[in-house]
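Novice: Have a look at this one.
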Amino acid sequence: MEDHPYNATQQDPDTPFDGAPAGGWGSLKGVARITGEAKPSAVAMKILGGLNKPGGVMCSSCAWAKPAKPNTFEFCENGAKATLWELDRRRVGAEFFAEHSVETLRGWHDHDLESSGRLTEPMRYDPGSGHYKPVSWDEAFAEIGRELAAMSPKEAVFYASGHAGLEASYLYALFARAMGHQNLPQSSNMCHETTSVNLKAAIGTPVGTCTLEDFDHCDTIFFFGQNTGSNSPRFLHVLKEAVDRGCKIVTFNPVRERGLIEFADPQSPAQMTVSGPTTISDHYYQVKPGGDIAAMAGLMKCVLAAEDAAPGTVLDQDFIAAETTGFDETAARIRATDWTEIEAESGLTRAMIEEAAEVYLSADRAIGIYGMGLTQHVNGWLNLGMLVNLLLMRGNIGKLGAGISPVRGHSNVQGQRTVGVGEKSAHMPADKLKELFGIDAPTEEGLNAVHACEGILDGRVKAMISLGGNLVRALPDRERMEAAWPKLRLSVHVATKLNRSHLAPGKVSYILPCLGRTDRDIQAGGEQAVSMEDTFSHIYGSIGQAEPPSDQVKSELAVVAGIAKATLPPNPALRWDEWTANYDLVRALIARTFPDDFAEMNEKLMQPGGFYRGNPARERNWQTDSGKAQFTTPTTLSALGGKPAGKDGMTLVTLRSNDQFNTTIYGFSDRLRGLSGGREVVLIHPAEIERLGLEEGQRVALETLIDDGVNRRVEGLTVTSYDLPPGCVAGYYPELNPLVPLSYHEKNSQTPAYKGTPVRIVA
């Protein structure tokens with residue numbers, strides 16, 4: 001390990017970084033900039049003041065919790081950006097599309113497309129002129145319904161982005177199954193499907209076991225592959241409070257992310273003026289991409305060694321015997337693993353891992369946090385299995401102040417799956433669909449995102465309905481998918497703003513404008529609320545307060561119901577008009593369909609802090625095949641699908657900047673990484689620049705090192721020195737998505753391996 005050209009525990013001062021803490025004045029300046037650009041409506045400040053508070057608007061950005069006792073300002077920089085972006089006073093309607101053809105718009109940057117403003121009226125693509133043209137809602141619903149009814153149900157795919165509330169999502173899932181298919185891919189297919197599939201196999205639940213209360217009682221928090229500062233900034237307040245009471249935080253991540261290093265609370269006058277920021281991580285280790293399995297194997301090895309030195313005092317033997325299975329085989333494999341292998345695969349020294357293990361061993365209650373740095377790998381299943389192993393060894397699942405906690409991305413991505421948006425029959429109970437609606441639900445599993453894309457490429461899929469999102473831009477193998485999209489017979493986009501996916505129209509293509517989370521939703525039954533689920537399985541009601549961008553914009557639920565009514569044969573049990581008029585009726589259906597999760601949903605909707613739908617694993621009720629929590633025996637020490645070949649082979653990690661949310665680009669500042677300007681960059685350690693004979697600022701291409709007959713290459717990237725482990729490069733998502741093959745994904749869930757693709761730099 002002595003010849004490593006970087007220090008895995010210290011910032012390289014000769015590479016870009018932000019010397020200021022996360023939060024602080026930088027976050028206030030970021031909000032001020034987006035306020036000036038979006039020119040939000042006058043009600044914006046009122047909405048921000050009530051954001052994530054009972055009776056207010058629930059943030060449309062991340063899925064972090066909304067506490068029962070909120071702060072004065074219960075929003076973060078990213079939440080403010082998302083809210084102000086939605087409250088944009090600029091408008092995109094018939095005049096805009098008459099002026100700009102689809103071909104012209106393809107030349108615009110993603111940022112410029114969305115910053116054009118809010119969509120105001122339904123539009124139909126006219127192939128003859130190359131422009132979108134206005135159309136009435138009745139005409140749109142009628143033609144979409146005819147097209148869907150004319151095709152086999154299996155030829156249609158209904159995608160959901162994670163934005164739509166539980167009510168619209170439930171009806172969307174119902175619509176698909178009433179039509180006769182379960183082709184319901186969701187944005188989780190690109191990020192946390194690894195969690196949904198593999199956590200369910202290990203501990204019997206597809207979601208994390210923690211609640212917000214656990215962070216008041218934990219002794220240590222171990223982070224793996226999660227960037228709190230950019231992806232869930234309100235979490236930083238919770239971490240600061242934990243640190244202030246003595247909790248120790250240990251972070252493993254290939255990139256030194258500022259939010260897990262230092263934080264200054266923008267709501268603290270002291271931290272904004274005279275006192276210093278809070279140090280978040282006691283120890284921060286820059287593990288190699290894909291090296292988390294090895295690092296966790298080392299931690300487990302330390303736990304076993306401590307137990308050997310003091311038998312009966314380290315492992316939770318009673319818990320292991322009563323609640324788990326597979327420990328002996330797993331422990332034997334860990335004992336047989338050599339430290340030399342662990343160091344080589346993790347990029348960390350034995351001393352570093354032993355230092356981290358001391359923190360874990362000294363804690364009675366530990367929480368394991370992870371993000372897409374674990375899930376977006378070919379062997380993501382083993383990443384999660386190893387983290388579960390580490391926690392199970394000391395009984396750290398199913399007790400207060402402990403547990404496993406994936407931090408979910410979009411505001412309702414977890415909730416949509418809870419109410420049936422998913423390709424499996426288990427996602428929506430067939431007996432309830434028969435009882436409530438007389439529907440014989442399909443039994444054949446549907447298509448997830450990867451399988452749907454394969455169907456588009458080979459012609460099996462004829463229609464794509466997108467309830468929000470920018471799917472073409474978010475997918476792997478983007479150039480292939482963007483070329484295939486126009487072959488679709490039907491493409492429908494339900495959206496608040498223009499994006500890149502709208503510029504790859506199918507033969508019949510619509511853009512249908514919908515209300516945002518901040519907009520008032522007035523239906524025949526009066527003002528409506530919508531609901532969503534956070535990363536901790538709590539449900540919240542949200543009430544919009546802004547005037548909609550036009551009187552032609554419909555709610556997501558109304559759009560779903562309108563298409564469904566036009567597509568399906570009459571069924572008196574499918575009361576689309578009544579459900580559109582009164583969302584209480586939909587919530588009553590959700591409660592009847594999923595009684596264990598949503599009993600008395602209407603009565604509890606506005607409960608401060610949300611109402612908890614429960615989690616069996618939290619109660620040590622393991623709904624697995626064995627009825628116990630499952631130890632996972634490691635079969636490899638790397639999460640990568642394979643090592644990059646040759647001396648010039650590198651592992652690509654894709655990143656989101658501080659100035660974006662998923663595919664939405666708010667601006668061109670990656671402040672927390674000390675970067676700004678263009679997004680077409682390749683980040684690489686200075687020693688690797690020298691080794692490969694490159695120069696800072698040189699324009700290069702990246703080429704994928706997977707031989708499947710497809711040449712994948714992204715040109716025009718600027719070599720930029722950055723503090724990264726050797727053998728890896730990093731760049732921005734979604735710009736580098738074309739380098740990730742559709743077939744290169746997590747073993748069990750097909751989540752794209754965005755954090756570990758083999759590439760080489762071509763000068």
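How things are named: the first chain in the structure tokens is A, the next is B, and so on; residues count from 1 in each chain; ligands count from 1 in the order shown.
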Can you pull out every residue within 8 Å of stretch 21-26 of chain A, counting only C-alpha atoms, but drop anything in the same chain fewer than 6 positions away, and send it as a VMD selection string?
Specialist: chain A and resid 77 229 233 258 to 259 261 to 266 271 to 272 277 671 to 672
Novice: Just to be explicit: take each residue in the selection above, keep C-alpha atoms, and write the result as a CSV table (one decimal), in the first residue's frame.
Specialist:
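Final output, again.csv:
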```
chain,number,residue,atom,x,y,z
A,77,GLU,CA,-30.7,24.5,-0.7
A,229,GLY,CA,-24.5,17.3,1.1
A,233,PRO,CA,-29.0,18.2,2.8
A,258,ARG,CA,-18.0,18.1,1.6
A,259,GLY,CA,-21.3,17.4,3.3
A,261,ILE,CA,-16.7,16.4,6.2
A,262,GLU,CA,-18.0,19.8,7.6
A,263,PHE,CA,-21.4,21.5,7.9
A,264,ALA,CA,-22.4,25.0,9.0
A,265,ASP,CA,-26.1,25.3,9.9
A,266,PRO,CA,-27.5,28.2,7.9
A,271,GLN,CA,-22.2,29.1,13.0
A,272,MET,CA,-22.9,31.7,10.3
A,277,PRO,CA,-18.5,24.5,11.4
A,671,ARG,CA,-19.7,24.2,-5.4
A,672,LEU,CA,-19.3,21.5,-2.8
```
Novice: List every residue of stretch 74-223 of chain A that DSSP, applied to the backbone of this structure, assigns to strand (DSSP E or B), and report them as a list in words.
Specialist: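 Strand (DSSP E or B) members of stretch 74-223 of chain A, listed: Asp88, Arg91, Val92, Arg118, Leu119, Met123, Arg124, Tyr125, Asp126, His131, Tyr132, Lys133, Pro134, Ala156, Val157, Phe158, Tyr159, Ala160, Gln186, Thr220, Ile221, Phe222 and Phe223 of chain A.
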Novice: As a list in words, please: the residues near A:Asn621 (cut-off 12 Å, only C-alpha atoms, same-chain neighbours under 5 positions excluded).
Specialist: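 Surrounding residues, per the criterion: Ile203, Gly204, Thr205, Thr209, Ala322, Glu323, Thr324, Ile397, Gly398, Gly614, Asn615, Pro616, Ser626, Gly627, Lys628 and Ala629 of chain A.
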Novice: Stretch 309-316 of chain A: which residues within 8 Å, counting only C-alpha atoms, same-chain residues fewer than 6 positions away excluded, as a compact mmCIF listing (two decimals) with all heavy atoms, in the first residue's frame?
Specialist:
```
# COMPACT_ATOMS: atom_id res chain seq x y z
N VAL A 303 -14.20 -7.67 13.84
CA VAL A 303 -15.21 -8.07 14.83
C VAL A 303 -14.96 -9.50 15.29
O VAL A 303 -15.01 -9.81 16.49
CB VAL A 303 -16.63 -7.91 14.25
CG1 VAL A 303 -17.67 -8.47 15.22
CG2 VAL A 303 -16.93 -6.44 13.95
N LEU A 361 -16.90 -1.31 17.17
CA LEU A 361 -16.85 -2.19 18.34
C LEU A 361 -17.16 -1.46 19.64
O LEU A 361 -17.63 -2.07 20.61
CB LEU A 361 -15.48 -2.86 18.43
CG LEU A 361 -15.19 -3.91 17.34
CD1 LEU A 361 -13.71 -4.25 17.30
CD2 LEU A 361 -16.03 -5.16 17.58
N MET A 393 -24.07 -8.98 13.07
CA MET A 393 -23.07 -9.56 13.98
C MET A 393 -23.22 -9.05 15.40
O MET A 393 -22.97 -9.78 16.37
CB MET A 393 -21.66 -9.26 13.47
CG MET A 393 -21.31 -9.98 12.18
SD MET A 393 -19.68 -9.51 11.56
CE MET A 393 -18.64 -10.67 12.47
N ARG A 394 -23.65 -7.81 15.55
CA ARG A 394 -23.81 -7.22 16.89
C ARG A 394 -25.26 -6.84 17.19
O ARG A 394 -25.53 -5.98 18.03
CB ARG A 394 -22.87 -6.03 17.05
CG ARG A 394 -21.41 -6.48 17.16
CD ARG A 394 -20.40 -5.35 17.22
NE ARG A 394 -20.62 -4.37 18.26
CZ ARG A 394 -20.31 -4.51 19.55
NH1 ARG A 394 -19.76 -5.67 19.97
NH2 ARG A 394 -20.53 -3.55 20.42
N GLY A 395 -26.19 -7.49 16.47
CA GLY A 395 -27.61 -7.28 16.76
C GLY A 395 -28.12 -5.89 16.44
O GLY A 395 -29.05 -5.40 17.09
```
Novice: Pick out each residue of stretch 626-755 of chain A that DSSP on the backbone tags as alpha helix (DSSP H); I need them as a ChimeraX atom specification.
Specialist: /A:686-691
Novice: Using all heavy atoms, can you export the residues from the last selection as a PDB file, in the first residue's frame?
Specialist:
```pdb
ATOM      1  N   PRO A 686      -4.139  13.592 -10.217  1.00  0.00           N
ATOM      2  CA  PRO A 686      -2.969  14.127 -10.936  1.00  0.00           C
ATOM      3  C   PRO A 686      -1.921  13.065 -11.260  1.00  0.00           C
ATOM      4  O   PRO A 686      -1.302  13.115 -12.341  1.00  0.00           O
ATOM      5  CB  PRO A 686      -2.419  15.185  -9.977  1.00  0.00           C
ATOM      6  CG  PRO A 686      -3.579  15.596  -9.149  1.00  0.00           C
ATOM      7  CD  PRO A 686      -4.447  14.394  -9.008  1.00  0.00           C
ATOM      8  N   ALA A 687      -1.722  12.120 -10.342  1.00  0.00           N
ATOM      9  CA  ALA A 687      -0.726  11.083 -10.614  1.00  0.00           C
ATOM     10  C   ALA A 687      -1.147  10.194 -11.770  1.00  0.00           C
ATOM     11  O   ALA A 687      -0.300   9.695 -12.527  1.00  0.00           O
ATOM     12  CB  ALA A 687      -0.496  10.239  -9.360  1.00  0.00           C
ATOM     13  N   GLU A 688      -2.450   9.989 -11.922  1.00  0.00           N
ATOM     14  CA  GLU A 688      -2.952   9.201 -13.041  1.00  0.00           C
ATOM     15  C   GLU A 688      -2.862   9.988 -14.350  1.00  0.00           C
ATOM     16  O   GLU A 688      -2.628   9.409 -15.414  1.00  0.00           O
ATOM     17  CB  GLU A 688      -4.396   8.763 -12.774  1.00  0.00           C
ATOM     18  CG  GLU A 688      -4.571   7.811 -11.607  1.00  0.00           C
ATOM     19  CD  GLU A 688      -4.009   6.437 -11.909  1.00  0.00           C
ATOM     20  OE1 GLU A 688      -2.768   6.272 -11.865  1.00  0.00           O
ATOM     21  OE2 GLU A 688      -4.797   5.539 -12.214  1.00  0.00           O
ATOM     22  N   ILE A 689      -3.061  11.301 -14.276  1.00  0.00           N
ATOM     23  CA  ILE A 689      -2.858  12.141 -15.466  1.00  0.00           C
ATOM     24  C   ILE A 689      -1.431  11.977 -15.979  1.00  0.00           C
ATOM     25  O   ILE A 689      -1.195  11.779 -17.174  1.00  0.00           O
ATOM     26  CB  ILE A 689      -3.157  13.623 -15.137  1.00  0.00           C
ATOM     27  CG1 ILE A 689      -4.640  13.818 -14.799  1.00  0.00           C
ATOM     28  CG2 ILE A 689      -2.752  14.528 -16.302  1.00  0.00           C
ATOM     29  CD1 ILE A 689      -4.999  15.231 -14.385  1.00  0.00           C
ATOM     30  N   GLU A 690      -0.485  12.026 -15.051  1.00  0.00           N
ATOM     31  CA  GLU A 690       0.923  11.883 -15.426  1.00  0.00           C
ATOM     32  C   GLU A 690       1.201  10.477 -15.951  1.00  0.00           C
ATOM     33  O   GLU A 690       1.888  10.307 -16.976  1.00  0.00           O
ATOM     34  CB  GLU A 690       1.805  12.189 -14.215  1.00  0.00           C
ATOM     35  CG  GLU A 690       3.297  12.082 -14.505  1.00  0.00           C
ATOM     36  CD  GLU A 690       4.142  12.409 -13.278  1.00  0.00           C
ATOM     37  OE1 GLU A 690       3.570  12.823 -12.242  1.00  0.00           O
ATOM     38  OE2 GLU A 690       5.374  12.238 -13.356  1.00  0.00           O
ATOM     39  N   ARG A 691       0.661   9.447 -15.271  1.00  0.00           N
ATOM     40  CA  ARG A 691       0.923   8.066 -15.682  1.00  0.00           C
ATOM     41  C   ARG A 691       0.427   7.787 -17.088  1.00  0.00           C
ATOM     42  O   ARG A 691       1.074   7.066 -17.863  1.00  0.00           O
ATOM     43  CB  ARG A 691       0.250   7.104 -14.694  1.00  0.00           C
ATOM     44  CG  ARG A 691       0.452   5.625 -15.025  1.00  0.00           C
ATOM     45  CD  ARG A 691      -0.206   4.721 -13.993  1.00  0.00           C
ATOM     46  NE  ARG A 691      -1.655   4.735 -14.058  1.00  0.00           N
ATOM     47  CZ  ARG A 691      -2.394   4.004 -14.897  1.00  0.00           C
ATOM     48  NH1 ARG A 691      -1.812   3.208 -15.785  1.00  0.00           N
ATOM     49  NH2 ARG A 691      -3.708   4.071 -14.870  1.00  0.00           N
TER      50      ARG A 691
END
```
